[in-house]
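Trainee: Structure: work-v3.txt, compact mmCIF, C-alpha atoms.
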```txt
# COMPACT_ATOMS: atom_id res chain seq x y z
CA MET A 1 -70.26 125.12 -119.91
CA ARG A 2 -69.98 128.34 -121.83
CA GLU A 3 -67.51 130.97 -120.79
CA THR A 4 -69.10 134.26 -119.79
CA HIS A 5 -67.73 137.69 -120.58
CA LEU A 6 -68.53 141.09 -119.20
CA ARG A 7 -69.11 143.62 -121.94
CA PRO A 8 -68.03 147.25 -121.53
CA ASP A 9 -71.71 148.27 -121.42
CA GLY A 10 -72.14 146.11 -118.34
CA ALA A 11 -74.09 143.26 -119.88
CA ASP A 12 -73.01 139.71 -119.23
CA ASP A 13 -72.61 137.76 -122.39
CA LEU A 14 -71.73 134.32 -123.58
CA ASP A 15 -68.74 132.95 -125.41
CA PRO A 16 -67.91 135.46 -128.17
CA ARG A 17 -67.57 132.66 -130.69
CA VAL A 18 -71.01 131.12 -130.02
CA LEU A 19 -74.17 132.64 -131.42
CA ASP A 20 -77.45 132.66 -129.49
CA CYS A 21 -78.79 130.00 -131.83
CA GLY A 22 -76.00 127.64 -130.76
CA ARG A 23 -73.91 127.71 -133.92
CA THR A 24 -70.28 128.69 -133.53
CA ILE A 25 -68.21 130.99 -135.69
CA ASP A 26 -65.94 128.02 -136.39
CA GLU A 27 -68.90 126.03 -137.71
CA LEU A 28 -69.91 128.89 -139.95
CA GLU A 29 -66.37 129.17 -141.26
CA ASP A 30 -66.48 125.44 -142.02
CA TYR A 31 -69.80 126.01 -143.76
CA LEU A 32 -68.22 128.65 -145.99
CA ASP A 33 -65.18 126.43 -146.63
CA ALA A 34 -67.47 123.59 -147.68
CA GLY A 35 -69.12 125.74 -150.32
CA GLU A 36 -72.28 126.69 -148.41
CA ALA A 37 -74.09 123.40 -148.85
CA ASP A 38 -77.80 123.36 -147.95
CA ASP A 39 -78.30 123.78 -144.22
CA LEU A 40 -81.87 124.29 -143.06
CA HIS A 41 -80.84 126.01 -139.87
CA VAL A 42 -78.36 128.40 -141.45
CA ASP A 43 -80.72 129.20 -144.31
CA GLY A 44 -83.44 130.30 -141.91
CA CYS A 45 -81.44 131.89 -139.11
CA PRO A 46 -80.95 135.67 -139.24
CA GLU A 47 -78.07 135.56 -136.76
CA CYS A 48 -76.20 132.97 -138.83
CA GLN A 49 -76.88 134.97 -141.98
CA GLN A 50 -75.55 138.15 -140.40
CA ALA A 51 -72.46 136.35 -139.13
CA LEU A 52 -71.91 134.86 -142.59
CA ASP A 53 -72.17 138.32 -144.15
CA SER A 54 -69.42 139.50 -141.85
CA LEU A 55 -67.23 136.47 -142.47
CA ARG A 56 -67.62 136.86 -146.22
CA ARG A 57 -66.72 140.53 -145.88
CA VAL A 58 -63.55 139.71 -143.94
CA ARG A 59 -62.61 136.98 -146.41
CA ARG A 60 -63.14 139.34 -149.31
CA VAL A 61 -60.84 141.91 -147.77
CA THR A 62 -58.21 139.29 -147.00
CA ARG A 63 -58.38 137.90 -150.52
CA GLU A 64 -57.99 141.36 -151.98
CA LEU A 65 -55.02 142.08 -149.78
CA VAL A 66 -53.34 138.95 -151.05
CA GLN A 67 -54.23 139.73 -154.65
CA ALA A 68 -52.88 143.23 -154.32
CA ASP A 69 -49.61 141.67 -153.09
CA ILE A 70 -49.11 144.42 -150.55
CA ASP A 71 -45.59 144.28 -149.22
CA GLU A 72 -46.62 145.88 -145.95
CA ALA A 73 -49.09 143.14 -145.16
CA PRO A 74 -47.25 139.94 -144.32
CA ALA A 75 -49.38 136.94 -143.44
CA GLN A 76 -48.85 137.34 -139.71
CA SER A 77 -50.21 140.90 -139.55
CA VAL A 78 -53.22 139.96 -141.68
CA ASP A 79 -53.93 137.06 -139.32
CA THR A 80 -53.76 139.33 -136.29
CA TRP A 81 -56.13 141.81 -137.88
CA LEU A 82 -58.48 139.00 -138.89
CA GLN A 83 -58.60 137.61 -135.37
CA GLY A 84 -59.49 141.03 -134.04
CA VAL A 85 -62.35 141.49 -136.48
CA VAL A 86 -63.77 137.98 -136.17
CA GLY A 87 -63.19 137.67 -132.43
CA GLN A 88 -66.25 139.66 -131.36
CA LEU A 89 -68.45 138.63 -134.22
CA ALA A 90 -70.85 136.40 -132.31
CA LEU A 91 -71.47 139.20 -129.81
CA GLU A 92 -72.25 141.61 -132.59
CA VAL A 93 -74.80 139.45 -134.41
CA ARG A 94 -76.88 138.49 -131.36
CA ALA A 95 -80.44 139.76 -131.59
CA GLY A 96 -80.01 141.82 -128.42
CA ARG A 97 -82.55 144.44 -127.42
CA ASP A 98 -85.77 145.27 -129.23
CA ILE A 99 -85.73 148.74 -130.76
CA PRO A 100 -89.31 150.01 -131.12
CA ILE A 101 -91.04 151.09 -134.31
CA ARG A 102 -94.05 153.31 -133.73
CA HIS A 103 -97.60 152.28 -134.54
CA PRO A 104 -100.84 153.87 -133.36
CA ASP A 105 -102.56 150.54 -132.73
CA PRO A 106 -101.91 149.48 -129.11
CA ARG A 107 -102.03 145.78 -130.04
CA ALA A 108 -99.07 146.27 -132.39
CA LYS A 109 -95.54 145.58 -131.20
CA LEU A 110 -93.19 146.44 -134.03
CA VAL A 111 -89.45 146.26 -133.43
CA ILE A 112 -86.12 145.93 -135.13
CA THR A 113 -83.51 143.93 -133.26
CA GLU A 114 -80.31 145.51 -132.03
CA GLY A 115 -78.41 142.78 -133.89
CA ALA A 116 -80.05 143.76 -137.16
CA VAL A 117 -79.08 147.39 -136.59
CA ARG A 118 -75.47 146.46 -135.81
CA ALA A 119 -75.38 144.39 -139.00
CA LEU A 120 -76.83 147.35 -140.87
CA ILE A 121 -73.98 149.52 -139.60
CA ARG A 122 -71.39 146.95 -140.66
CA ASP A 123 -73.10 146.83 -144.02
CA SER A 124 -72.78 150.61 -144.32
CA GLY A 125 -69.02 150.07 -144.37
CA ASP A 126 -69.33 148.06 -147.56
CA ARG A 127 -70.37 151.20 -149.38
CA VAL A 128 -67.19 153.02 -148.42
CA PRO A 129 -63.91 152.09 -150.09
CA GLY A 130 -61.01 151.32 -147.79
CA ILE A 131 -62.73 150.76 -144.45
CA VAL A 132 -64.14 147.82 -142.51
CA VAL A 133 -66.52 148.38 -139.62
CA GLY A 134 -65.62 146.57 -136.41
CA ARG A 135 -67.76 147.11 -133.37
CA SER A 136 -70.74 149.36 -132.78
CA THR A 137 -72.20 150.41 -129.44
CA PHE A 138 -75.19 152.51 -128.49
CA SER A 139 -75.42 154.99 -125.65
CA GLY A 140 -78.87 155.84 -124.34
CA ASP A 141 -81.85 153.55 -124.02
CA VAL A 142 -82.62 152.20 -127.49
CA THR A 143 -85.69 150.39 -126.17
CA VAL A 144 -87.57 153.61 -125.47
CA ALA A 145 -88.97 155.47 -128.47
CA GLY A 146 -87.62 158.99 -128.84
CA GLU A 147 -84.80 158.64 -126.32
CA PRO A 148 -81.59 160.33 -127.47
CA VAL A 149 -79.17 157.69 -128.70
CA GLY A 150 -75.51 158.00 -129.56
CA VAL A 151 -73.72 155.55 -131.83
CA ALA A 152 -70.03 154.76 -131.52
CA VAL A 153 -68.38 152.74 -134.25
CA THR A 154 -64.87 151.38 -134.48
CA ALA A 155 -63.34 150.67 -137.85
CA SER A 156 -60.21 149.46 -139.55
CA ALA A 157 -58.90 151.59 -142.39
CA ARG A 158 -56.78 150.38 -145.21
CA HIS A 159 -53.23 151.65 -145.00
CA GLY A 160 -52.86 154.56 -147.40
CA VAL A 161 -56.44 155.86 -147.53
CA ASN A 162 -57.33 159.35 -146.33
CA ILE A 163 -58.67 158.38 -142.92
CA VAL A 164 -60.50 161.65 -142.23
CA ASP A 165 -62.38 161.58 -145.52
CA THR A 166 -63.08 157.87 -145.32
CA ALA A 167 -64.39 158.06 -141.76
CA ALA A 168 -66.60 161.02 -142.69
CA GLN A 169 -67.99 159.09 -145.66
CA LEU A 170 -68.69 156.08 -143.45
CA ARG A 171 -70.42 158.30 -140.93
CA ARG A 172 -72.74 159.72 -143.60
CA CYS A 173 -73.64 156.22 -144.81
CA ILE A 174 -74.41 155.09 -141.25
CA VAL A 175 -76.62 158.13 -140.61
CA ASP A 176 -78.51 157.51 -143.88
CA ASP A 177 -79.01 153.81 -143.16
CA LEU A 178 -80.14 154.35 -139.56
CA ASP A 179 -82.55 157.00 -140.73
CA ARG A 180 -84.02 154.67 -143.34
CA HIS A 181 -84.36 151.58 -141.20
CA THR A 182 -84.92 152.73 -137.64
CA GLU A 183 -86.82 155.38 -135.75
CA LEU A 184 -83.99 155.96 -133.33
CA ASN A 185 -83.45 159.53 -132.19
CA ILE A 186 -79.79 159.63 -133.19
CA VAL A 187 -77.94 162.52 -131.61
CA SER A 188 -74.40 161.49 -132.53
CA VAL A 189 -72.46 159.06 -134.68
CA ASP A 190 -68.81 158.77 -133.76
CA VAL A 191 -66.43 156.81 -135.94
CA SER A 192 -63.11 155.79 -134.44
CA VAL A 193 -60.50 154.32 -136.72
CA ASP A 194 -58.54 152.17 -134.31
CA ASP A 195 -56.62 149.91 -136.65
CA LEU A 196 -54.96 149.81 -140.03
CA TYR A 197 -54.83 146.79 -142.24
CA GLY A 198 -52.50 146.17 -145.13
CA HIS A 199 -49.75 147.48 -142.87
CA ASP A 200 -47.12 145.70 -140.83
CA HIS A 201 -47.29 146.95 -137.25
CA ALA A 202 -44.20 144.91 -136.37
CA SER A 203 -42.05 146.90 -138.77
CA GLU A 204 -42.66 150.00 -136.65
CA GLU A 205 -41.08 148.42 -133.59
CA MET B 1 -111.99 98.25 -118.13
CA ARG B 2 -112.00 101.27 -115.83
CA GLU B 3 -114.29 104.24 -116.45
CA ASP B 4 -111.45 106.54 -117.52
CA GLU B 5 -110.12 103.88 -119.90
CA LEU B 6 -113.59 103.53 -121.38
CA ALA B 7 -113.74 107.26 -121.93
CA MET B 8 -110.36 107.31 -123.64
CA ALA B 9 -111.41 104.51 -125.94
CA ALA B 10 -114.70 106.15 -126.92
CA PRO B 11 -115.04 106.69 -130.69
CA GLY B 12 -114.76 110.22 -132.03
CA GLY B 13 -112.47 111.61 -129.39
CA THR B 14 -110.48 111.14 -126.29
CA LEU B 15 -112.36 113.46 -123.97
CA PRO B 16 -114.66 112.11 -121.27
CA PRO B 17 -118.38 112.91 -121.50
CA ASP B 18 -118.31 115.58 -118.78
CA THR B 19 -115.87 117.78 -120.69
CA PRO B 20 -116.97 121.44 -120.45
CA ALA B 21 -118.11 122.98 -123.72
CA ASN B 22 -115.30 125.55 -123.81
CA VAL B 23 -112.53 122.96 -124.01
CA VAL B 24 -110.98 122.88 -127.48
CA GLU B 25 -109.84 119.50 -128.61
CA PRO B 26 -106.11 119.56 -129.41
CA GLU B 27 -106.43 118.24 -132.96
CA GLU B 28 -109.02 120.84 -133.81
CA ALA B 29 -106.91 123.61 -132.32
CA VAL B 30 -103.84 122.46 -134.19
CA GLU B 31 -105.73 122.35 -137.49
CA ARG B 32 -107.17 125.78 -136.99
CA HIS B 33 -103.84 127.26 -135.95
CA THR B 34 -102.02 125.62 -138.82
CA ALA B 35 -104.38 127.14 -141.35
CA LEU B 36 -104.22 130.54 -139.72
CA ALA B 37 -100.43 130.51 -139.38
CA SER B 38 -100.03 129.52 -143.02
CA ALA B 39 -102.33 132.33 -144.11
CA ILE B 40 -100.37 134.80 -142.01
CA GLU B 41 -97.05 133.58 -143.35
CA ARG B 42 -98.25 133.93 -146.94
CA ALA B 43 -99.58 137.41 -146.27
CA VAL B 44 -96.38 138.58 -144.61
CA ALA B 45 -94.14 136.99 -147.24
CA GLY B 46 -96.14 138.82 -149.91
CA THR B 47 -95.76 142.22 -148.25
CA PRO B 48 -93.61 144.57 -150.38
CA GLY B 49 -90.14 144.91 -148.87
CA VAL B 50 -90.27 141.63 -146.94
CA VAL B 51 -87.57 139.34 -148.31
CA GLU B 52 -87.68 136.60 -145.68
CA VAL B 53 -89.94 135.22 -142.99
CA TYR B 54 -87.52 133.61 -140.58
CA PRO B 55 -88.36 130.26 -139.03
CA THR B 56 -85.61 129.53 -136.56
CA VAL B 57 -86.18 132.38 -134.14
CA ALA B 58 -89.88 131.64 -133.95
CA ASN B 59 -89.06 127.99 -133.42
CA ARG B 60 -86.80 128.82 -130.53
CA ILE B 61 -89.28 131.13 -128.89
CA GLY B 62 -92.21 128.87 -129.55
CA ARG B 63 -90.63 125.74 -128.20
CA GLY B 64 -92.37 126.05 -124.86
CA ILE B 65 -95.72 126.44 -126.55
CA ALA B 66 -95.11 123.44 -128.78
CA ASP B 67 -94.21 121.43 -125.72
CA ALA B 68 -97.46 122.48 -124.10
CA VAL B 69 -99.42 121.25 -127.08
CA ALA B 70 -97.51 117.99 -127.10
CA SER B 71 -98.51 117.64 -123.48
CA VAL B 72 -102.16 118.29 -124.33
CA THR B 73 -102.17 115.84 -127.20
CA ALA B 74 -100.58 113.28 -124.94
CA GLY B 75 -103.76 113.32 -122.89
CA HIS B 76 -103.30 116.09 -120.35
CA ARG B 77 -106.36 118.26 -120.69
CA SER B 78 -106.96 121.79 -119.59
CA ASP B 79 -109.77 124.28 -119.97
CA ARG B 80 -107.25 127.11 -120.18
CA SER B 81 -105.81 128.46 -123.38
CA SER B 82 -102.87 126.70 -124.88
CA GLY B 83 -101.05 127.43 -128.06
CA VAL B 84 -99.15 125.99 -130.95
CA ASN B 85 -96.15 126.83 -133.02
CA THR B 86 -97.64 125.52 -136.19
CA ASN B 87 -95.48 126.01 -139.21
CA GLY B 88 -92.23 127.27 -137.74
CA THR B 89 -92.44 130.75 -139.18
CA VAL B 90 -95.41 132.22 -137.36
CA LYS B 91 -95.81 131.92 -133.65
CA LEU B 92 -99.40 131.78 -132.44
CA GLU B 93 -100.28 131.85 -128.82
CA GLY B 94 -103.66 130.96 -127.34
CA VAL B 95 -106.69 129.16 -128.68
CA SER B 96 -109.81 130.71 -130.15
CA PRO B 97 -109.59 133.65 -130.45
CA VAL B 98 -105.87 133.84 -131.15
CA LEU B 99 -104.28 135.99 -128.47
CA GLY B 100 -100.85 136.58 -129.89
CA VAL B 101 -99.08 136.46 -133.24
CA GLU B 102 -95.34 136.91 -133.77
CA VAL B 103 -93.31 136.93 -136.95
CA HIS B 104 -89.65 137.61 -137.64
CA ILE B 105 -88.85 139.14 -140.99
CA GLY B 106 -85.96 140.18 -143.19
CA VAL B 107 -86.38 143.53 -144.94
CA ASP B 108 -84.96 144.70 -148.26
CA ALA B 109 -82.23 147.26 -147.61
CA SER B 110 -83.60 149.53 -150.31
CA ALA B 111 -86.98 149.80 -148.58
CA SER B 112 -87.84 151.66 -145.39
CA GLY B 113 -87.64 149.21 -142.48
CA PRO B 114 -90.36 150.80 -140.32
CA ASP B 115 -92.73 151.14 -143.27
CA VAL B 116 -92.25 147.48 -144.18
CA ALA B 117 -92.84 146.41 -140.57
CA ARG B 118 -96.04 148.46 -140.47
CA SER B 119 -97.22 146.96 -143.75
CA ALA B 120 -96.52 143.47 -142.45
CA TYR B 121 -98.53 144.30 -139.36
CA GLU B 122 -101.47 145.48 -141.49
CA SER B 123 -101.32 142.22 -143.44
CA ILE B 124 -101.58 140.23 -140.24
CA ALA B 125 -104.22 142.46 -138.67
CA SER B 126 -106.47 141.92 -141.67
CA ILE B 127 -106.42 138.17 -141.00
CA VAL B 128 -106.53 137.69 -137.24
CA GLY B 129 -109.36 138.71 -135.02
CA GLU B 130 -109.57 141.90 -133.04
CA GLY B 131 -107.95 141.71 -129.67
CA ALA B 132 -104.94 139.72 -130.76
CA THR B 133 -101.55 141.25 -130.06
CA ILE B 134 -99.29 141.27 -133.11
CA THR B 135 -95.50 141.37 -132.94
CA VAL B 136 -93.43 142.02 -136.05
CA ARG B 137 -89.71 141.78 -135.44
CA VAL B 138 -87.27 142.91 -138.10
CA SER B 139 -84.38 140.50 -137.60
CA ARG B 140 -82.29 141.40 -140.61
CA ILE B 141 -81.83 144.03 -143.28
CA GLU B 142 -80.82 142.34 -146.50
CA ARG B 143 -79.05 143.98 -149.40
CA THR B 144 -80.58 142.28 -152.40
CA THR B 145 -78.84 144.33 -155.06
CA PRO B 146 -75.07 144.22 -155.65
CA LEU B 147 -72.91 147.07 -154.42
CA PRO B 148 -71.97 149.62 -157.07
CA VAL B 149 -68.59 149.33 -158.74
CA GLY B 150 -65.92 151.34 -156.95
CA THR B 151 -66.84 150.35 -153.43
CA MET B 152 -64.92 147.99 -151.23
CA GLY B 153 -63.86 145.20 -153.56
CA ALA B 154 -62.43 147.14 -156.47
CA SER B 155 -60.81 149.76 -154.29
CA PHE B 156 -58.65 147.33 -152.36
CA ALA B 157 -57.09 145.77 -155.38
CA ASN B 158 -56.41 149.19 -156.91
CA PRO B 159 -55.49 151.49 -154.09
CA ALA B 160 -55.28 155.15 -154.95
```
The structure in this file should be written as structure tokens.

Mentor:
Amino acid sequence: MRETHLRPDGADDLDPRVLDCGRTIDELEDYLDAGEADDLHVDGCPECQQALDSLRRVRRVTRELVQADIDEAPAQSVDTWLQGVVGQLALEVRAGRDIPIRHPDPRAKLVITEGAVRALIRDSGDRVPGIVVGRSTFSGDVTVAGEPVGVAVTASARHGVNIVDTAAQLRRCIVDDLDRHTELNIVSVDVSVDDLYGHDHASEE
Amino acid sequence: MREDELAMAAPGGTLPPDTPANVVEPEEAVERHTALASAIERAVAGTPGVVEVYPTVANRIGRGIADAVASVTAGHRSDRSSGVNTNGTVKLEGVSPVLGVEVHIGVDASASGPDVARSAYESIASIVGEGATITVRVSRIERTTPLPVGTMGASFANPA
């Protein structure tokens, strides 16, 4: 039986390491470790693909931290940061709600999934040096066209970057991407940098 | 041999002689749906900005419909509409005329998502009959071109 979790937005959800399609984050990590051999399910599953994008992103950051030989980032602190980023991944890539796209024909139902929009926001972070997007949440009813919607994004910044500038740059990228790919009536985009990586928290204690 | 067994064994079909004219034989429905679904898939896949027509989501959603068809082909007949999930990428619901079409697509990040979805819809609408409902679900935005130099990767290894 799967463990259930209550999300802050009030929605019950399943095990944060199991995707809606049934694949687990552990299985996808094994898939990456094995060199991404042909897998019919993974190849054709948007949730798996979005989760793999995120795992590759995290691995890339980790690899770069190691290559940069950053003294402030001992293995233990990197592991802790990694667990935080990966921990909620399955929740983030779920298809979620349908976000409408307008069309004059009443027989048309055009939508983009909430999961695709979350992935888009994470992807925005790839265009900004020194930051990794964590979780994104929407306030307002995204399922109703034209409703005011706020976006709140958490992110990890690399130790040493100018956090204000980096967060502002990320915010601009998110606004641009949401404008290009959705018809959401975005009234706010808030970026909260709630973690640093490449930095040993333990040394502060 | 009983009368119903005789009917089942009759050449050219499995339906008894008193079958109403509006009943669609399962094999015929499957053939027709397969051809239509394939045409829709090709049309959607060829729409500018569409980089993927996803099969697994449609499979999951369409499982109930596929089960219904399996039930029909197993000999349970009905004069109501049934449906098929024909090729795994396009979900069709209902018999002639098709009542519902659903596709899940991936969109190129450099395109406009809503515009691509609308184009995909137009591609489908030009194939299926009037009256069918058409659902286009954008399940993923895919970045098909590499990120410019100076973004995440390079910056980590060479912090300012």

Trainee: Under the rule that all atoms listed in the file are counted, which of A:Cys45, A:Cys173, A:Val142, A:Val164 is the nearest residue to Ile186 in chain A?

Mentor: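 Of the candidates, the smallest distance to Ile186 in chain A is held by A:Val142.
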
Trainee: Which residues of chain A come within 9 Å of chain B, and for each one, what is the closest pair of atoms and their distance in Å to one decimal, counting all atoms listed in the file, sorted by chain and residue number, as CSV?

Mentor:
```
residue,atom,partner,partner_atom,distance
A:Cys21,CA,B:Val57,CA,8.1
A:His41,CA,B:Thr56,CA,6.8
A:Val42,CA,B:Thr56,CA,8.8
A:Asp43,CA,B:Tyr54,CA,8.9
A:Gly44,CA,B:Tyr54,CA,5.4
A:Cys45,CA,B:Thr56,CA,5.4
A:Pro46,CA,B:Arg140,CA,6.0
A:Glu47,CA,B:Ser139,CA,8.1
A:Gln49,CA,B:Arg140,CA,8.5
A:Gln50,CA,B:Arg140,CA,7.5
A:Arg60,CA,B:Gly153,CA,7.3
A:Val61,CA,B:Gly153,CA,7.3
A:Glu64,CA,B:Ala157,CA,5.6
A:Leu65,CA,B:Phe156,CA,6.9
A:Val66,CA,B:Ala157,CA,8.9
A:Gln67,CA,B:Ala157,CA,6.7
A:Ala68,CA,B:Ala157,CA,5.0
A:Asp69,CA,B:Ala157,CA,8.8
A:Ala95,CA,B:Ser139,CA,7.2
A:Asp98,CA,B:Arg137,CA,8.1
A:Ile101,CA,B:Pro114,CA,6.1
A:Arg102,CA,B:Pro114,CA,8.0
A:His103,CA,B:Arg118,CA,7.2
A:Pro106,CA,B:Thr133,CA,8.3
A:Arg107,CA,B:Thr133,CA,4.6
A:Ala108,CA,B:Ile134,CA,5.1
A:Lys109,CA,B:Thr135,CA,4.6
A:Leu110,CA,B:Val136,CA,4.9
A:Val111,CA,B:Arg137,CA,4.9
A:Ile112,CA,B:Val138,CA,4.4
A:Thr113,CA,B:Ser139,CA,5.6
A:Glu114,CA,B:Ser139,CA,8.5
A:Gly115,CA,B:Ser139,CA,7.4
A:Ala116,CA,B:Arg140,CA,4.7
A:Val117,CA,B:Arg140,CA,7.9
A:Ala119,CA,B:Arg140,CA,7.7
A:Leu120,CA,B:Ile141,CA,6.5
A:Asp123,CA,B:Arg143,CA,8.5
A:Gly125,CA,B:Met152,CA,8.3
A:Asp126,CA,B:Met152,CA,5.7
A:Arg127,CA,B:Thr151,CA,5.4
A:Val128,CA,B:Thr151,CA,5.7
A:Pro129,CA,B:Met152,CA,4.4
A:Gly130,CA,B:Met152,CA,6.2
A:Ile131,CA,B:Met152,CA,7.6
A:Val132,CA,B:Met152,CA,8.8
A:Arg158,CA,B:Phe156,CA,8.0
A:Gly160,CA,B:Pro159,CA,7.8
A:Val161,CA,B:Ala160,CA,7.5
A:Asp177,CA,B:Ala109,CA,8.5
A:Asp179,CA,B:Ser112,CA,8.8
A:Arg180,CA,B:Ser112,CA,5.3
A:His181,CA,B:Gly113,CA,4.2
A:Thr182,CA,B:Pro114,CA,6.4
A:Glu183,CA,B:Pro114,CA,7.4
```

Trainee: Please report the interatomic distance between CA of Leu196 in chain A and CA of Arg171 in chain A in Å with one decimal.

Mentor: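 If I compute the distance from CA of Leu196 in chain A to CA of Arg171 in chain A, I get 17.7 Å.
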
Trainee: So what do you get for CA of Glu147 in chain A versus CA of Val189 in chain A, distance-wise?

Mentor: 14.9 Å

Trainee: Work out how far CA of Asp194 in chain A is from CA of Gln169 in chain A, in Å to one decimal.

Mentor: 16.3 Å

Trainee: Pick out the residues sitting within 6 Å of range 32-45 of chain B, and hand them over as a list in words; count only C-alpha atoms, and ignore anything fewer than 4 positions along from it in its own chain.

Mentor: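 Result of the neighbour search: Thr86, Val90, Ala120, Ser123 and Ile124 of chain B.
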
Trainee: Identify, on the basis of all atoms listed in the file, every residue whose closest approach to Val149 in chain A does not exceed 6 Å; exclude the query and any residue fewer than 2 positions from it along the same chain; express the result as a PyMOL selection string.

Mentor: chain A and resi 139-140+185-187
